[in-house]
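Please read the structure below before turning to the comments.
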Amino acid sequence: MTIQIGLFEIQQPTMSETMNAIVIPSFGGPEVLIYQTVPKPVPVLGEALVHVRAFGVNHAEMHMRKGEWDEWNPITGLECVGTVEACPGGELPVGAKVAGVMGGLGRSRPGGYGEFVSVPVTNVIQIENTSLPWEQLAALPEVYCTAWSCLFTVLDLKQGETLLIRGATSTIGQAALHLAVDAGAIVTATTRRRERSEWLRRLGATDVLFEQSDLDQPLQEKGRKHFDKTLNLVGNRVLIESIRLTRAGGRMLQAGWLGGLAPVVDFNPMIHMESGVHFSLFHSKVLGTPDFPLSNIPLQDIVQKIENGAWDAKPAKVFEYRDIHKAHRMLDSHNAGGKIVVRH
């Protein structure tokens, strides 16, 4: 639409060329988030335009909002679920139900907090034959894609192996517990909430420990010193100890920072590293890259198991789009007890 202002003609977006978005205009608490009308993205070859129906809320977005992350976009949102509005290359049919995760979403490009989002097709998974509501689907993409990649791509978890999950009541921890038990691993889980210990056992954990520094002592009391594999979601605070709890030839993976972003002070590999333990890092920003293709992740099968009632993966809290401040206050509290989802 063209409008005349004095001697000049100005091209003004029509209603179909704009969209609603939640924007981070400055850093701070949940109150800094604002609603704006912004240009609707136009997909190019290799991208799909997704009409967002719901999205999960992630801790990384809290850090971005606070100005604590290395990279961020004013329209954040690492993931979303919705329908394909357009796909110039024809890789996905228009109207298809899909999940979009990472591929720069919310970091190097606008993310799922917009009404529409352009996503690289390598970061879109089509979800077929499901009747799960949007808000339940939105609780799955980042959590299960990350957990599956951690367990089976990096840790190479096998049936019968022992696995320690530190931070098992987190969203990724819960997903990892479901996937590991399903794969036949013997899982020890930690939690900082004693009242959730029995719940973790019902999910399949063989043993549950209170999350603390110096886990060596309670483990030795139970006759265990080392694990085949360790998934550390607590972060740097227990990094060195998590390496120590992993057997020679085993693998320790750090994939979360529930305990904060402070670095390990005076880390000296000669002193602190155990010989023969493989230590890796996983960041979900690599999902959809050639080294971590989404095509390897059986998200359709995961959705089917959840729909069939094998696993309970319902979001802990669901907020309407207009209530983003409430959603982020809940995120900041660390008391959600599971995935927070926002639906349109």
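Residues in the structure tokens are numbered from 1 in each chain, the chains being A, B, ... in the order shown, and ligands are numbered from 1 in the order shown.
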
(request) Report the residues of stretch 103-312 of chain A whose backbone DSSP state falls under strand (DSSP E), written as a PyMOL selection string. (result) chain A and resi 116-120+124-126+162-166+186-191+207-210+227-232+246-254+278-281

Save the residues we just selected, C-alpha atoms, as a PDB file, in the first residue's frame?
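Below is the file result_14.pdb, written as the result:
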ATOM      1  CA  PHE A 116       4.929 -15.812  11.989  1.00  0.00           C
ATOM      2  CA  VAL A 117       8.534 -16.973  11.707  1.00  0.00           C
ATOM      3  CA  SER A 118      10.785 -17.970   8.813  1.00  0.00           C
ATOM      4  CA  VAL A 119      12.696 -21.130   9.691  1.00  0.00           C
ATOM      5  CA  PRO A 120      15.407 -22.925   7.689  1.00  0.00           C
ATOM      6  CA  VAL A 124      11.635 -27.885  10.629  1.00  0.00           C
ATOM      7  CA  ILE A 125      10.127 -31.285  11.427  1.00  0.00           C
ATOM      8  CA  GLN A 126       6.759 -32.224   9.971  1.00  0.00           C
ATOM      9  CA  THR A 162      24.476 -46.828  33.960  1.00  0.00           C
ATOM     10  CA  LEU A 163      23.562 -43.164  33.514  1.00  0.00           C
ATOM     11  CA  LEU A 164      23.641 -40.292  36.000  1.00  0.00           C
ATOM     12  CA  ILE A 165      21.284 -37.396  35.180  1.00  0.00           C
ATOM     13  CA  ARG A 166      22.037 -34.310  37.282  1.00  0.00           C
ATOM     14  CA  ILE A 186      19.919 -47.926  34.392  1.00  0.00           C
ATOM     15  CA  VAL A 187      19.341 -44.342  35.537  1.00  0.00           C
ATOM     16  CA  THR A 188      20.289 -42.529  38.724  1.00  0.00           C
ATOM     17  CA  ALA A 189      18.610 -39.114  38.887  1.00  0.00           C
ATOM     18  CA  THR A 190      19.295 -36.076  41.053  1.00  0.00           C
ATOM     19  CA  THR A 191      16.918 -33.346  42.146  1.00  0.00           C
ATOM     20  CA  ASP A 207      17.771 -44.447  42.264  1.00  0.00           C
ATOM     21  CA  VAL A 208      17.233 -40.773  43.174  1.00  0.00           C
ATOM     22  CA  LEU A 209      19.669 -38.558  45.057  1.00  0.00           C
ATOM     23  CA  PHE A 210      19.360 -35.084  46.487  1.00  0.00           C
ATOM     24  CA  PHE A 227      28.787 -44.283  35.990  1.00  0.00           C
ATOM     25  CA  ASP A 228      29.195 -45.298  32.374  1.00  0.00           C
ATOM     26  CA  LYS A 229      27.665 -42.019  31.223  1.00  0.00           C
ATOM     27  CA  THR A 230      26.817 -38.734  32.967  1.00  0.00           C
ATOM     28  CA  LEU A 231      24.477 -36.001  31.748  1.00  0.00           C
ATOM     29  CA  ASN A 232      25.175 -32.804  33.683  1.00  0.00           C
ATOM     30  CA  THR A 246      32.305 -41.003  35.357  1.00  0.00           C
ATOM     31  CA  ARG A 247      34.375 -44.158  34.814  1.00  0.00           C
ATOM     32  CA  ALA A 248      37.517 -44.310  32.695  1.00  0.00           C
ATOM     33  CA  GLY A 249      36.385 -44.823  29.117  1.00  0.00           C
ATOM     34  CA  GLY A 250      32.982 -43.356  29.945  1.00  0.00           C
ATOM     35  CA  ARG A 251      31.481 -40.094  28.775  1.00  0.00           C
ATOM     36  CA  MET A 252      30.407 -36.963  30.644  1.00  0.00           C
ATOM     37  CA  LEU A 253      28.299 -34.407  28.795  1.00  0.00           C
ATOM     38  CA  GLN A 254      27.376 -30.924  29.999  1.00  0.00           C
ATOM     39  CA  HIS A 278      35.547 -38.232  27.627  1.00  0.00           C
ATOM     40  CA  PHE A 279      34.139 -34.749  28.346  1.00  0.00           C
ATOM     41  CA  SER A 280      31.837 -33.008  25.850  1.00  0.00           C
ATOM     42  CA  LEU A 281      29.539 -29.997  25.644  1.00  0.00           C
TER      43      LEU A 281
END

(request) Check the smallest atom-to-atom distance from each of A:Glu195, A:Val238, A:Met19, A:Leu245 to A:Gln220 using only C-alpha atoms, then report the winner. (result)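 Among the listed residues, A:Leu245 lies closest to A:Gln220.
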
(request) Using only C-alpha atoms, pick whichever of A:Asp70, A:Glu17, A:Asp323, A:Glu241 has the shortest atom-to-atom distance to A:Lys285. (result)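 Between A:Asp70, A:Glu17, A:Asp323, A:Glu241, the residue approaching A:Lys285 most closely is A:Asp70.
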
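Atom CA of A:Glu161 lies 25.0 Å from atom CA of A:Leu258.
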
(request) Tell me which protein, DNA and RNA residues are within 12 Å of A:Arg322, counting only C-alpha atoms, leaving out same-chain ones fewer than 4 positions away, and put them as a VMD selection string. (result) chain A and resid 20 to 22 33 to 36 113 318 326 to 328 342 to 344

(request) Could you give me, as a count of residues only, each residue of stretch 40-89 of chain A that DSSP assigns to helix (DSSP H, G or I) when run on this structure's backbone? (result) 8

(request) Enter the distance from atom CA of A:Pro30 to atom CA of A:Glu115, in Å, rounded to one decimal. (result) 19.4 Å

(message) Using only C-alpha atoms for the distances, tell me which of A:Gly259, A:Pro269, A:Gly309, A:Gly111 is nearest to A:Arg244.
(response)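 Of the candidates, the smallest distance to A:Arg244 is held by A:Pro269.
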
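The shortest atom-to-atom distance to A:Val143, with only C-alpha atoms taken into account, belongs to A:Ser284 out of A:Ser284, A:Gln159, A:Asn123, A:Gln212.
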
(message) I need the residue nearest A:Pro141 from this list: A:Pro25, A:Gly260, A:Gly100, A:Gly204. Use only C-alpha atoms for the distance.
(response) A:Gly100

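Comparing A:Ser242, A:Asn73, A:Thr122, A:Gln174 by their smallest distance to A:Ala205, the closest is A:Gln174 (using only C-alpha atoms).
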
(message) Quick check, in Å to one decimal: how far apart do atom CA of A:Val121 and atom CA of A:Leu179 lie?
(response)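 Atom CA of A:Leu179 lies at a distance of 25.6 Å from atom CA of A:Val121.
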